[in-house]
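Note: the block below is data-v9.pdb and it holds PDB, C-alpha atoms.
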ATOM      1  CA  MET G  75       5.752  -2.292  34.061
ATOM      2  CA  ASN G  76       2.694  -2.604  31.829
ATOM      3  CA  ARG G  77       2.703  -6.375  31.259
ATOM      4  CA  ARG G  78      -0.230  -6.195  28.852
ATOM      5  CA  ILE G  79       1.578  -3.850  26.487
ATOM      6  CA  LEU G  80       4.902  -5.651  26.952
ATOM      7  CA  THR G  81       3.317  -8.953  25.932
ATOM      8  CA  ALA G  82       1.702  -7.319  22.902
ATOM      9  CA  LEU G  83       5.030  -5.753  21.945
ATOM     10  CA  ILE G  84       6.881  -9.070  22.116
ATOM     11  CA  LEU G  85       4.248 -10.859  20.040
ATOM     12  CA  ASN G  86       4.158  -8.070  17.463
ATOM     13  CA  ILE G  87       7.947  -8.136  17.093
ATOM     14  CA  LEU G  88       7.885 -11.915  16.635
ATOM     15  CA  VAL G  89       5.135 -11.655  14.010
ATOM     16  CA  VAL G  90       7.019  -8.988  12.058
ATOM     17  CA  ILE G  91      10.293 -10.941  12.128
ATOM     18  CA  ALA G  92       8.706 -14.290  11.223
ATOM     19  CA  THR G  93       6.508 -12.916   8.437
ATOM     20  CA  THR G  94       9.371 -10.932   6.922
ATOM     21  CA  ALA G  95      11.755 -13.896   7.038
ATOM     22  CA  ILE G  96       9.209 -16.277   5.502
ATOM     23  CA  THR G  97       8.180 -13.848   2.757
ATOM     24  CA  VAL G  98      11.818 -13.260   1.826
ATOM     25  CA  SER G  99      12.476 -17.020   1.859
ATOM     26  CA  TYR G 100       9.940 -17.491  -0.929
ATOM     27  CA  TYR G 101      12.411 -15.817  -3.281
ATOM     28  CA  PHE G 102      14.971 -18.560  -2.594
ATOM     29  CA  HIS G 103      12.972 -21.717  -1.958
ATOM     30  CA  SER G 104       9.378 -22.944  -1.998
ATOM     31  CA  ASN G 105       7.838 -26.383  -1.606
ATOM     32  CA  ASN G 106       4.612 -25.123  -3.206
ATOM     33  CA  PRO G 107       4.278 -26.337  -6.812
ATOM     34  CA  LEU G 108       2.198 -23.236  -7.624
ATOM     35  CA  VAL G 109       5.030 -20.889  -6.604
ATOM     36  CA  GLU G 110       7.830 -20.674  -9.169
ATOM     37  CA  THR G 111       9.165 -17.287  -8.054
ATOM     38  CA  GLY G 112       8.873 -15.123  -4.959
ATOM     39  CA  LEU G 113       6.397 -12.902  -6.768
ATOM     40  CA  ASP G 114       4.075 -15.880  -7.288
ATOM     41  CA  SER G 115       3.573 -16.107  -3.524
ATOM     42  CA  TYR G 116       1.605 -12.861  -3.533
ATOM     43  CA  LYS G 117      -1.253 -14.443  -5.442
ATOM     44  CA  PHE G 118      -2.174 -16.290  -2.256
ATOM     45  CA  PHE G 119      -4.412 -14.557   0.283
ATOM     46  CA  THR G 120      -2.338 -16.323   2.935
ATOM     47  CA  THR G 121       0.728 -14.301   2.005
ATOM     48  CA  ASP G 122      -1.139 -11.036   1.496
ATOM     49  CA  SER G 123      -3.137 -11.256   4.721
ATOM     50  CA  ASN G 124      -0.064 -12.130   6.778
ATOM     51  CA  ILE G 125       1.853  -9.207   5.305
ATOM     52  CA  LEU G 126      -1.068  -6.898   6.125
ATOM     53  CA  ALA G 127      -1.198  -8.246   9.685
ATOM     54  CA  ALA G 128       2.579  -7.866  10.023
ATOM     55  CA  ILE G 129       2.411  -4.247   8.857
ATOM     56  CA  SER G 130      -0.357  -3.555  11.388
ATOM     57  CA  ALA G 131       1.815  -5.177  14.068
ATOM     58  CA  LEU G 132       4.784  -3.074  12.951
ATOM     59  CA  VAL G 133       2.692   0.091  13.294
ATOM     60  CA  MET G 134       1.897  -0.861  16.892
ATOM     61  CA  ILE G 135       5.516  -1.397  17.950
ATOM     62  CA  PRO G 136       6.703   2.236  18.351
ATOM     63  CA  TYR G 137       3.519   3.210  20.193
ATOM     64  CA  GLU G 138       3.848   0.281  22.585
ATOM     65  CA  ILE G 139       7.480   1.164  23.207
ATOM     66  CA  GLY G 140       6.316   4.713  23.911
ATOM     67  CA  ILE G 141       3.819   3.452  26.494
ATOM     68  CA  LEU G 142       6.441   1.286  28.194
ATOM     69  CA  ARG G 143       8.804   4.262  28.335
ATOM     70  CA  GLY G 144       6.088   6.460  29.835
ATOM     71  CA  LYS G 145       5.887   8.698  26.760
ATOM     72  CA  ARG G 146       2.299   7.753  25.906
ATOM     73  CA  ASP G 147      -0.832   6.845  27.847
ATOM     74  CA  LYS G 148      -2.587   4.685  25.245
ATOM     75  CA  LEU G 149      -2.468   3.335  21.723
ATOM     76  CA  PRO G 150      -3.782   5.568  18.919
ATOM     77  CA  HIS G 151      -7.279   4.593  17.860
ATOM     78  CA  ALA G 152      -6.322   4.512  14.165
ATOM     79  CA  ALA G 153      -3.600   1.969  14.922
ATOM     80  CA  VAL G 154      -6.104  -0.210  16.802
ATOM     81  CA  VAL G 155      -8.517  -0.083  13.853
ATOM     82  CA  PHE G 156      -5.701  -0.999  11.450
ATOM     83  CA  LYS G 157      -4.731  -3.926  13.690
ATOM     84  CA  PHE G 158      -8.371  -5.035  13.615
ATOM     85  CA  VAL G 159      -8.427  -5.068   9.810
ATOM     86  CA  GLY G 160      -5.186  -7.079   9.630
ATOM     87  CA  MET G 161      -6.370  -9.496  12.305
ATOM     88  CA  VAL G 162      -9.656 -10.231  10.522
ATOM     89  CA  ALA G 163      -7.770 -10.891   7.276
ATOM     90  CA  VAL G 164      -5.398 -13.475   8.787
ATOM     91  CA  MET G 165      -8.212 -15.086  10.775
ATOM     92  CA  LEU G 166     -10.041 -15.579   7.483
ATOM     93  CA  THR G 167      -6.881 -17.328   6.275
ATOM     94  CA  PHE G 168      -6.871 -19.487   9.411
ATOM     95  CA  LEU G 169     -10.527 -20.503   9.089
ATOM     96  CA  THR G 170     -10.201 -21.120   5.338
ATOM     97  CA  VAL G 171      -7.332 -23.511   5.994
ATOM     98  CA  ILE G 172      -9.178 -25.328   8.776
ATOM     99  CA  PHE G 173     -12.568 -25.703   7.109
ATOM    100  CA  LEU G 174     -11.939 -25.586   3.341
ATOM    101  CA  LEU G 175      -8.374 -26.643   2.600
ATOM    102  CA  LEU G 176      -7.609 -29.362   5.149
ATOM    103  CA  PRO G 177     -10.231 -31.685   3.586
ATOM    104  CA  VAL G 178      -8.566 -31.154   0.171
ATOM    105  CA  TYR G 179      -4.827 -30.809   0.801
ATOM    106  CA  ASP G 180      -2.320 -32.663   2.959
ATOM    107  CA  ALA G 181      -2.282 -31.474   6.593
ATOM    108  CA  GLY G 182       1.512 -31.368   6.667
ATOM    109  CA  PHE G 183       1.581 -29.156   3.580
ATOM    110  CA  LEU G 184      -0.810 -26.710   5.258
ATOM    111  CA  LEU G 185       0.481 -26.677   8.837
ATOM    112  CA  LEU G 186       4.176 -27.588   8.837
ATOM    113  CA  GLY G 187       7.282 -25.543   8.054
ATOM    114  CA  THR G 188       6.634 -21.929   7.100
ATOM    115  CA  ALA G 189       2.920 -22.737   6.860
ATOM    116  CA  PHE G 190       2.821 -23.167  10.632
ATOM    117  CA  HIS G 191       3.322 -19.440  11.076
ATOM    118  CA  MET G 192       1.364 -18.251   8.033
ATOM    119  CA  HIS G 193      -1.659 -20.487   8.619
ATOM    120  CA  LEU G 194      -1.691 -20.894  12.396
ATOM    121  CA  ALA G 195       0.717 -19.027  14.674
ATOM    122  CA  GLY G 196       0.527 -15.656  12.912
ATOM    123  CA  PRO G 197      -3.279 -15.501  12.813
ATOM    124  CA  LEU G 198      -3.628 -16.611  16.435
ATOM    125  CA  ALA G 199      -1.037 -14.062  17.576
ATOM    126  CA  ALA G 200      -2.959 -11.308  15.780
ATOM    127  CA  LEU G 201      -6.210 -12.495  17.352
ATOM    128  CA  PHE G 202      -4.766 -12.679  20.856
ATOM    129  CA  THR G 203      -3.079  -9.272  20.783
ATOM    130  CA  PHE G 204      -6.112  -7.489  19.351
ATOM    131  CA  VAL G 205      -8.796  -9.073  21.508
ATOM    132  CA  PHE G 206      -6.981  -9.275  24.839
ATOM    133  CA  LEU G 207      -4.047  -6.840  24.860
ATOM    134  CA  GLU G 208      -4.487  -3.883  22.505
ATOM    135  CA  THR G 209      -7.771  -2.785  24.025
ATOM    136  CA  ASP G 210      -7.151   0.909  24.615
ATOM    137  CA  SER G 211     -10.136   1.934  22.505
ATOM    138  CA  GLU G 212     -13.324   0.402  21.124
ATOM    139  CA  ILE G 213     -14.100  -0.370  17.499
ATOM    140  CA  THR G 214     -17.350   1.150  16.223
ATOM    141  CA  LEU G 215     -19.745  -0.732  13.941
ATOM    142  CA  PRO G 216     -18.993   1.458  10.893
ATOM    143  CA  GLU G 217     -15.255   0.977  11.495
ATOM    144  CA  SER G 218     -15.731  -2.777  11.625
ATOM    145  CA  LEU G 219     -16.902  -2.747   7.998
ATOM    146  CA  LEU G 220     -13.362  -1.749   6.970
ATOM    147  CA  ALA G 221     -12.371  -5.348   7.655
ATOM    148  CA  LEU G 222     -14.277  -6.362   4.518
ATOM    149  CA  LEU G 223     -11.908  -4.424   2.256
ATOM    150  CA  PRO G 224      -9.062  -6.983   2.025
ATOM    151  CA  THR G 225     -11.532  -9.758   1.194
ATOM    152  CA  VAL G 226     -13.342  -7.629  -1.404
ATOM    153  CA  ILE G 227     -10.102  -6.518  -3.078
ATOM    154  CA  TYR G 228      -8.513  -9.966  -3.132
ATOM    155  CA  GLY G 229     -11.791 -11.616  -4.126
ATOM    156  CA  SER G 230     -12.095  -9.305  -7.129
ATOM    157  CA  VAL G 231      -8.585 -10.202  -8.297
ATOM    158  CA  TYR G 232      -9.074 -13.935  -7.647
ATOM    159  CA  THR G 233     -12.388 -13.995  -9.516
ATOM    160  CA  THR G 234     -10.846 -12.193 -12.466
ATOM    161  CA  GLU G 235      -7.830 -14.521 -12.642
ATOM    162  CA  VAL G 236      -9.735 -17.782 -12.123
ATOM    163  CA  LEU G 237     -13.102 -17.197 -13.821
ATOM    164  CA  ILE G 238     -12.637 -14.430 -16.357
ATOM    165  CA  ILE G 239      -9.068 -15.084 -17.566
ATOM    166  CA  GLY G 240      -8.840 -18.764 -16.624
ATOM    167  CA  ALA G 241      -5.813 -20.964 -16.042
ATOM    168  CA  GLU G 242      -5.732 -22.049 -19.693
ATOM    169  CA  ASN G 243      -5.208 -18.400 -20.729
ATOM    170  CA  GLY G 244      -2.510 -17.593 -18.191
ATOM    171  CA  GLY G 245      -4.749 -16.906 -15.202
ATOM    172  CA  TRP G 246      -4.704 -18.712 -11.868
ATOM    173  CA  VAL G 247      -5.614 -22.271 -11.050
ATOM    174  CA  ASP G 248      -8.527 -22.400  -8.595
ATOM    175  CA  PHE G 249      -6.166 -23.354  -5.754
ATOM    176  CA  TYR G 250      -8.695 -22.341  -3.093
ATOM    177  CA  THR G 251     -11.325 -24.549  -4.790
ATOM    178  CA  LEU G 252     -13.849 -21.701  -4.536
ATOM    179  CA  ASN G 253     -15.372 -22.607  -7.888
ATOM    180  CA  ARG G 254     -15.786 -26.283  -7.029
ATOM    181  CA  GLY G 255     -18.945 -27.518  -8.708
ATOM    182  CA  GLY G 256     -19.344 -24.140 -10.396
ATOM    183  CA  TYR G 257     -20.655 -22.560  -7.198
ATOM    184  CA  TRP G 258     -18.296 -19.574  -7.200
ATOM    185  CA  TYR G 259     -21.124 -17.185  -6.272
ATOM    186  CA  VAL G 260     -21.874 -19.232  -3.150
ATOM    187  CA  SER G 261     -18.179 -19.090  -2.221
ATOM    188  CA  ILE G 262     -18.149 -15.304  -2.595
ATOM    189  CA  ILE G 263     -21.157 -14.936  -0.305
ATOM    190  CA  MET G 264     -19.640 -17.360   2.203
ATOM    191  CA  MET G 265     -16.287 -15.554   2.273
ATOM    192  CA  LEU G 266     -17.868 -12.131   2.750
ATOM    193  CA  ALA G 267     -20.185 -13.528   5.433
ATOM    194  CA  ALA G 268     -17.271 -15.256   7.168
ATOM    195  CA  THR G 269     -15.210 -12.056   7.089
ATOM    196  CA  TYR G 270     -18.089 -10.063   8.553
ATOM    197  CA  MET G 271     -18.727 -12.633  11.289
ATOM    198  CA  ILE G 272     -15.048 -12.767  12.248
ATOM    199  CA  GLY G 273     -15.061  -8.992  12.584
ATOM    200  CA  PHE G 274     -18.379  -8.979  14.422
ATOM    201  CA  VAL G 275     -17.370 -11.561  17.038
ATOM    202  CA  THR G 276     -13.838 -10.273  17.627
ATOM    203  CA  ARG G 277     -15.074  -6.689  17.818
ATOM    204  CA  LEU G 278     -17.590  -7.642  20.532
ATOM    205  CA  ALA G 279     -14.915  -9.464  22.527
ATOM    206  CA  HIS G 280     -12.404  -6.634  22.114
ATOM    207  CA  ASN G 281     -14.916  -3.937  23.068
ATOM    208  CA  LYS G 282     -16.123  -5.871  26.110
ATOM    209  CA  ILE G 283     -12.591  -6.240  27.451
ATOM    210  CA  SER G 284     -11.881  -2.588  26.609
ATOM    211  CA  LYS G 285     -14.955  -1.440  28.568
ATOM    212  CA  THR G 286     -14.042  -3.613  31.546
ATOM    213  CA  ARG G 287     -10.483  -2.308  31.555
ATOM    214  CA  SER G 288     -11.681   1.297  31.365
ATOM    215  CA  LYS G 289     -14.041   0.775  34.329
ATOM    216  CA  ASN G 290     -11.272  -0.833  36.367
ATOM    217  CA  ASN G 291      -8.869   2.000  35.591
ATOM    218  CA  ALA G 292     -11.538   4.554  36.532
TER     219      ALA G 292
END

Can the structure in the file be given as C-alpha coordinates, please?
Amino acid sequence: MNRRILTALILNILVVIATTAITVSYYFHSNNPLVETGLDSYKFFTTDSNILAAISALVMIPYEIGILRGKRDKLPHAAVVFKFVGMVAVMLTFLTVIFLLLPVYDAGFLLLGTAFHMHLAGPLAALFTFVFLETDSEITLPESLLALLPTVIYGSVYTTEVLIIGAENGGWVDFYTLNRGGYWYVSIIMMLAATYMIGFVTRLAHNKISKTRSKNNA
(Lines of atoms letter the chains of each structure in order from A and count residues from 1; the text may use other names and numbers.)
(Lines give C-alpha, C1' and ligand atoms only; values in the text may rest on other atoms or scores of the structure.)
Protein backbone atom coordinates (compact mmCIF):
# COMPACT_ATOMS: atom_id res chain seq x y z
CA MET A 1 0.00 0.00 0.00
CA ASN A 2 1.30 3.43 -0.99
CA ARG A 3 0.82 5.27 2.31
CA ARG A 4 1.95 8.58 0.83
CA ILE A 5 -0.76 8.56 -1.82
CA LEU A 6 -3.35 7.14 0.59
CA THR A 7 -2.73 9.99 3.03
CA ALA A 8 -2.99 12.54 0.22
CA LEU A 9 -6.22 10.94 -0.97
CA ILE A 10 -7.81 11.08 2.48
CA LEU A 11 -6.84 14.72 2.99
CA ASN A 12 -8.07 15.69 -0.47
CA ILE A 13 -11.43 14.01 0.13
CA LEU A 14 -11.79 15.81 3.46
CA VAL A 15 -10.93 19.16 1.87
CA VAL A 16 -13.47 18.66 -0.93
CA ILE A 17 -16.24 17.62 1.48
CA ALA A 18 -15.55 20.40 4.00
CA THR A 19 -15.20 23.17 1.41
CA THR A 20 -18.34 22.08 -0.43
CA ALA A 21 -20.39 21.86 2.77
CA ILE A 22 -19.21 25.26 4.02
CA THR A 23 -19.77 26.99 0.67
CA VAL A 24 -23.29 25.57 0.45
CA SER A 25 -23.97 26.61 4.06
CA TYR A 26 -23.42 30.24 3.12
CA TYR A 27 -26.70 30.12 1.22
CA PHE A 28 -28.57 29.28 4.43
CA HIS A 29 -26.69 31.02 7.22
CA SER A 30 -23.77 33.40 7.72
CA ASN A 31 -22.41 35.20 10.76
CA ASN A 32 -20.55 37.64 8.50
CA PRO A 33 -22.31 41.03 8.36
CA LEU A 34 -20.90 41.58 4.85
CA VAL A 35 -22.60 38.43 3.52
CA GLU A 36 -26.34 38.84 2.95
CA THR A 37 -26.69 36.02 0.42
CA GLY A 38 -24.65 33.00 -0.61
CA LEU A 39 -23.49 34.85 -3.70
CA ASP A 40 -21.97 37.58 -1.52
CA SER A 41 -19.49 35.05 -0.14
CA TYR A 42 -17.71 34.87 -3.49
CA LYS A 43 -16.45 38.43 -3.16
CA PHE A 44 -14.01 37.17 -0.55
CA PHE A 45 -10.67 35.75 -1.70
CA THR A 46 -11.01 33.30 1.19
CA THR A 47 -13.99 31.64 -0.46
CA ASP A 48 -12.58 31.79 -3.98
CA SER A 49 -9.15 30.45 -3.05
CA ASN A 50 -10.61 27.59 -1.02
CA ILE A 51 -12.90 26.62 -3.88
CA LEU A 52 -9.91 26.66 -6.26
CA ALA A 53 -7.90 24.51 -3.84
CA ALA A 54 -10.84 22.13 -3.42
CA ILE A 55 -11.19 21.75 -7.19
CA SER A 56 -7.46 21.01 -7.47
CA ALA A 57 -7.86 18.43 -4.69
CA LEU A 58 -10.87 16.94 -6.50
CA VAL A 59 -8.80 16.59 -9.68
CA MET A 60 -6.19 14.61 -7.73
CA ILE A 61 -8.65 12.11 -6.25
CA PRO A 62 -9.27 9.81 -9.28
CA TYR A 63 -5.56 9.71 -10.12
CA GLU A 64 -4.63 8.81 -6.55
CA ILE A 65 -7.28 6.10 -6.53
CA GLY A 66 -5.77 4.84 -9.78
CA ILE A 67 -2.32 4.65 -8.19
CA LEU A 68 -3.66 2.78 -5.15
CA ARG A 69 -5.43 0.32 -7.45
CA GLY A 70 -2.24 -0.22 -9.46
CA LYS A 71 -3.68 1.39 -12.60
CA ARG A 72 -1.20 4.28 -12.63
CA ASP A 73 2.44 4.78 -11.69
CA LYS A 74 2.38 8.50 -10.86
CA LEU A 75 0.28 11.64 -10.77
CA PRO A 76 -0.08 13.63 -14.00
CA HIS A 77 2.21 16.64 -14.06
CA ALA A 78 -0.62 19.00 -15.06
CA ALA A 79 -2.58 17.94 -11.97
CA VAL A 80 0.45 18.63 -9.76
CA VAL A 81 0.84 22.11 -11.29
CA PHE A 82 -2.87 22.81 -10.75
CA LYS A 83 -2.57 21.68 -7.12
CA PHE A 84 0.38 24.07 -6.75
CA VAL A 85 -1.67 27.02 -8.01
CA GLY A 86 -4.56 26.21 -5.64
CA MET A 87 -2.20 25.69 -2.71
CA VAL A 88 -0.47 29.05 -3.20
CA ALA A 89 -3.86 30.79 -3.34
CA VAL A 90 -5.11 29.36 -0.03
CA MET A 91 -1.74 29.92 1.63
CA LEU A 92 -2.05 33.58 0.67
CA THR A 93 -5.42 33.50 2.44
CA PHE A 94 -3.79 31.91 5.49
CA LEU A 95 -0.97 34.45 5.68
CA THR A 96 -3.33 37.38 5.06
CA VAL A 97 -5.46 36.27 7.99
CA ILE A 98 -2.46 35.79 10.28
CA PHE A 99 -0.58 38.98 9.48
CA LEU A 100 -3.17 41.49 8.23
CA LEU A 101 -6.60 40.58 9.58
CA LEU A 102 -5.94 39.25 13.08
CA PRO A 103 -4.71 42.69 14.26
CA VAL A 104 -7.96 44.23 12.91
CA TYR A 105 -10.72 41.66 13.46
CA ASP A 106 -11.69 39.39 16.33
CA ALA A 107 -9.67 36.14 16.45
CA GLY A 108 -12.79 34.06 17.04
CA PHE A 109 -14.45 35.55 13.97
CA LEU A 110 -11.43 34.61 11.85
CA LEU A 111 -10.54 31.18 13.24
CA LEU A 112 -13.65 29.59 14.73
CA GLY A 113 -16.59 27.79 13.12
CA THR A 114 -16.42 27.50 9.34
CA ALA A 115 -13.49 29.94 9.36
CA PHE A 116 -11.35 27.27 11.00
CA HIS A 117 -11.37 25.27 7.78
CA MET A 118 -11.36 28.18 5.32
CA HIS A 119 -8.61 30.15 7.06
CA LEU A 120 -6.52 27.44 8.69
CA ALA A 121 -7.19 23.73 8.15
CA GLY A 122 -7.87 23.92 4.40
CA PRO A 123 -4.74 25.93 3.56
CA LEU A 124 -2.50 23.76 5.74
CA ALA A 125 -3.92 20.57 4.21
CA ALA A 126 -3.20 21.92 0.72
CA LEU A 127 0.33 22.87 1.78
CA PHE A 128 1.05 19.50 3.37
CA THR A 129 -0.25 17.40 0.49
CA PHE A 130 1.56 19.42 -2.17
CA VAL A 131 4.92 19.77 -0.45
CA PHE A 132 5.23 16.35 1.17
CA LEU A 133 2.90 13.88 -0.57
CA GLU A 134 2.09 14.80 -4.17
CA THR A 135 5.71 14.95 -5.26
CA ASP A 136 5.68 12.79 -8.37
CA SER A 137 7.04 15.59 -10.55
CA GLU A 138 8.87 18.89 -10.15
CA ILE A 139 7.49 22.36 -10.78
CA THR A 140 9.56 24.47 -13.18
CA LEU A 141 10.22 28.17 -12.62
CA PRO A 142 8.00 29.29 -15.53
CA GLU A 143 5.20 27.05 -14.23
CA SER A 144 5.51 28.61 -10.80
CA LEU A 145 4.49 31.98 -12.24
CA LEU A 146 1.01 30.54 -12.89
CA ALA A 147 0.41 30.84 -9.15
CA LEU A 148 0.23 34.62 -9.60
CA LEU A 149 -2.91 34.38 -11.73
CA PRO A 150 -5.52 34.02 -8.94
CA THR A 151 -4.03 36.99 -7.08
CA VAL A 152 -3.87 39.13 -10.24
CA ILE A 153 -7.44 38.29 -11.26
CA TYR A 154 -8.94 38.79 -7.81
CA GLY A 155 -6.83 41.89 -7.18
CA SER A 156 -8.13 43.48 -10.38
CA VAL A 157 -11.74 42.87 -9.33
CA TYR A 158 -11.13 44.02 -5.74
CA THR A 159 -9.40 47.21 -6.88
CA THR A 160 -12.24 47.99 -9.27
CA GLU A 161 -14.94 47.41 -6.65
CA VAL A 162 -13.21 49.23 -3.78
CA LEU A 163 -11.31 52.08 -5.48
CA ILE A 164 -12.98 52.74 -8.81
CA ILE A 165 -16.65 52.03 -7.98
CA GLY A 166 -16.48 52.57 -4.22
CA ALA A 167 -18.77 51.36 -1.46
CA GLU A 168 -20.90 54.52 -1.66
CA ASN A 169 -21.75 53.67 -5.29
CA GLY A 170 -22.57 50.01 -4.72
CA GLY A 171 -19.02 48.64 -4.75
CA TRP A 172 -17.30 46.75 -1.96
CA VAL A 173 -16.24 47.93 1.45
CA ASP A 174 -12.46 47.63 1.88
CA PHE A 175 -12.90 44.58 4.13
CA TYR A 176 -9.29 43.49 3.64
CA THR A 177 -8.12 47.00 4.66
CA LEU A 178 -5.76 47.06 1.66
CA ASN A 179 -6.38 50.76 1.12
CA ARG A 180 -5.71 51.70 4.74
CA GLY A 181 -4.06 55.10 4.77
CA GLY A 182 -4.52 55.34 1.01
CA TYR A 183 -1.59 52.99 0.38
CA TRP A 184 -3.44 50.63 -1.97
CA TYR A 185 -0.47 50.51 -4.37
CA VAL A 186 1.79 49.29 -1.56
CA SER A 187 -0.77 46.58 -0.74
CA ILE A 188 -0.84 45.44 -4.36
CA ILE A 189 2.94 45.13 -4.46
CA MET A 190 2.96 43.32 -1.12
CA MET A 191 0.28 40.83 -2.18
CA LEU A 192 2.01 40.01 -5.47
CA ALA A 193 5.36 39.70 -3.68
CA ALA A 194 3.81 37.49 -0.99
CA THR A 195 2.19 35.28 -3.62
CA TYR A 196 5.48 34.92 -5.49
CA MET A 197 7.41 34.13 -2.30
CA ILE A 198 4.87 31.51 -1.21
CA GLY A 199 5.22 29.85 -4.60
CA PHE A 200 9.00 30.18 -4.58
CA VAL A 201 9.49 28.62 -1.14
CA THR A 202 6.93 25.83 -1.52
CA ARG A 203 8.21 24.99 -4.99
CA LEU A 204 11.77 24.59 -3.64
CA ALA A 205 10.56 22.35 -0.82
CA HIS A 206 8.36 20.29 -3.14
CA ASN A 207 11.09 19.86 -5.76
CA LYS A 208 13.69 18.90 -3.16
CA ILE A 209 11.47 16.16 -1.75
CA SER A 210 10.57 15.06 -5.29
CA LYS A 211 14.26 14.74 -6.24
CA THR A 212 15.05 12.80 -3.07
CA ARG A 213 12.15 10.44 -3.66
CA SER A 214 13.19 9.86 -7.27
CA LYS A 215 16.77 9.03 -6.21
CA ASN A 216 15.52 6.62 -3.55
CA ASN A 217 13.21 4.89 -6.02
CA ALA A 218 16.06 4.62 -8.53

Legend entry - Point-to-point distance from CA of Thr203 (chain G) to CA of Pro216 (chain G), Å rounded to tenths: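 Atom-to-atom, CA of Thr203 (chain G) and CA of Pro216 (chain G) are spaced 21.6 Å apart.
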
Apply the PyMOL selection byres ((chain G and resi 125-132) around 7) to the displayed file and report the matching residues as an mmCIF file with C-alpha atoms, in the frame of the given file.
data_model
loop_
_atom_site.group_PDB
_atom_site.id
_atom_site.type_symbol
_atom_site.label_atom_id
_atom_site.label_comp_id
_atom_site.auth_asym_id
_atom_site.auth_seq_id
_atom_site.Cartn_x
_atom_site.Cartn_y
_atom_site.Cartn_z
ATOM 1 C CA ASN G 86 4.158 -8.070 17.463
ATOM 2 C CA VAL G 89 5.135 -11.655 14.010
ATOM 3 C CA VAL G 90 7.019 -8.988 12.058
ATOM 4 C CA THR G 93 6.508 -12.916 8.437
ATOM 5 C CA THR G 121 0.728 -14.301 2.005
ATOM 6 C CA ASP G 122 -1.139 -11.036 1.496
ATOM 7 C CA SER G 123 -3.137 -11.256 4.721
ATOM 8 C CA ASN G 124 -0.064 -12.130 6.778
ATOM 9 C CA VAL G 133 2.692 0.091 13.294
ATOM 10 C CA MET G 134 1.897 -0.861 16.892
ATOM 11 C CA ILE G 135 5.516 -1.397 17.950
ATOM 12 C CA PHE G 156 -5.701 -0.999 11.450
ATOM 13 C CA LYS G 157 -4.731 -3.926 13.690
ATOM 14 C CA GLY G 160 -5.186 -7.079 9.630
ATOM 15 C CA MET G 161 -6.370 -9.496 12.305
ATOM 16 C CA VAL G 164 -5.398 -13.475 8.787
#

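Coordinates place CA of Met264 (chain G) at a distance of 19.9 Å from CA of Val247 (chain G).
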
Inset, instruction - Would you kindly identify which residues have an atom no farther than 9 Å from (2.6, -11.7, 21.9), using only C-alpha atoms and the file's own coordinates, and write them out as a ChimeraX atom specification? - result: /G:80-89,199-200,202-203,207

Legend entry - Residue contacts of Glu235 (chain G) (9 Å, only C-alpha atoms) excluding same-chain residues fewer than 4 positions away, as a PyMOL selection string: chain G and resi 230-231+239-241+244-248

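Closest approach to Val98 (chain G) from the set G:Val260, G:Leu113, G:Met165, G:Leu201 is made by G:Leu113, with distances taken over only C-alpha atoms.
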
Legend entry - CA of Gly112 (chain G) to CA of Leu174 (chain G), straight-line distance in Å: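 About the pair CA of Leu174 (chain G) and CA of Gly112 (chain G): they are 24.7 Å apart.
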
Inset, instruction - Can you give me, as a ChimeraX atom specification, the residues this file yields under the PyMOL selection byres ((chain G and resi 228) around 12)? - result: /G:116-123,163,222-227,229-236,262,265-266

When the PyMOL selection byres ((chain G and resi 219) around 12) is applied to the structure above, which residues does it catch, written out as a CSV table (one decimal) with C-alpha atoms, keeping the file's coordinate frame?
chain,number,residue,atom,x,y,z
G,155,VAL,CA,-8.5,-0.1,13.9
G,156,PHE,CA,-5.7,-1.0,11.4
G,158,PHE,CA,-8.4,-5.0,13.6
G,159,VAL,CA,-8.4,-5.1,9.8
G,162,VAL,CA,-9.7,-10.2,10.5
G,213,ILE,CA,-14.1,-0.4,17.5
G,214,THR,CA,-17.4,1.2,16.2
G,215,LEU,CA,-19.7,-0.7,13.9
G,216,PRO,CA,-19.0,1.5,10.9
G,217,GLU,CA,-15.3,1.0,11.5
G,218,SER,CA,-15.7,-2.8,11.6
G,220,LEU,CA,-13.4,-1.7,7.0
G,221,ALA,CA,-12.4,-5.3,7.7
G,222,LEU,CA,-14.3,-6.4,4.5
G,223,LEU,CA,-11.9,-4.4,2.3
G,224,PRO,CA,-9.1,-7.0,2.0
G,225,THR,CA,-11.5,-9.8,1.2
G,226,VAL,CA,-13.3,-7.6,-1.4
G,266,LEU,CA,-17.9,-12.1,2.8
G,267,ALA,CA,-20.2,-13.5,5.4
G,269,THR,CA,-15.2,-12.1,7.1
G,270,TYR,CA,-18.1,-10.1,8.6
G,271,MET,CA,-18.7,-12.6,11.3
G,272,ILE,CA,-15.0,-12.8,12.2
G,273,GLY,CA,-15.1,-9.0,12.6
G,274,PHE,CA,-18.4,-9.0,14.4
G,277,ARG,CA,-15.1,-6.7,17.8

What's around Ala279 (chain G) at 9 Å? Count all atoms listed in the file, leave out sequence neighbours fewer than 5 positions away in its own chain, and write the answer as a PDB file with C-alpha atoms, in the frame of the given file.
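Saved to around.pdb:
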ATOM      1  CA  VAL G 205      -8.796  -9.073  21.508  1.00  0.00           C
ATOM      2  CA  PHE G 206      -6.981  -9.275  24.839  1.00  0.00           C
ATOM      3  CA  PHE G 274     -18.379  -8.979  14.422  1.00  0.00           C
ATOM      4  CA  SER G 284     -11.881  -2.588  26.609  1.00  0.00           C
TER       5      SER G 284
END

Legend entry - Shortest interatomic distance to Arg146 (chain G) - which of G:Lys285, G:Val171, G:Leu237, G:Asn76, counting all atoms listed in the file: G:Asn76

Report, as AutoDock Vina command-line options, the axis-aligned box around all atoms of region 246-264 of chain G present in the file, extended by 3 Å on each side; give centre and edge lengths in Å to one decimal place.
--center_x -13.3 --center_y -21.2 --center_z -4.8 --size_x 23.2 --size_y 18.6 --size_z 20.1

Legend entry - Nearest-residue call for Ile96 (chain G), choices G:Tyr259, G:Tyr250, G:Tyr137, G:Phe190, using all atoms listed in the file: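 Once distances to Ile96 (chain G) are computed over all atoms listed in the file, the minimum belongs to G:Phe190.
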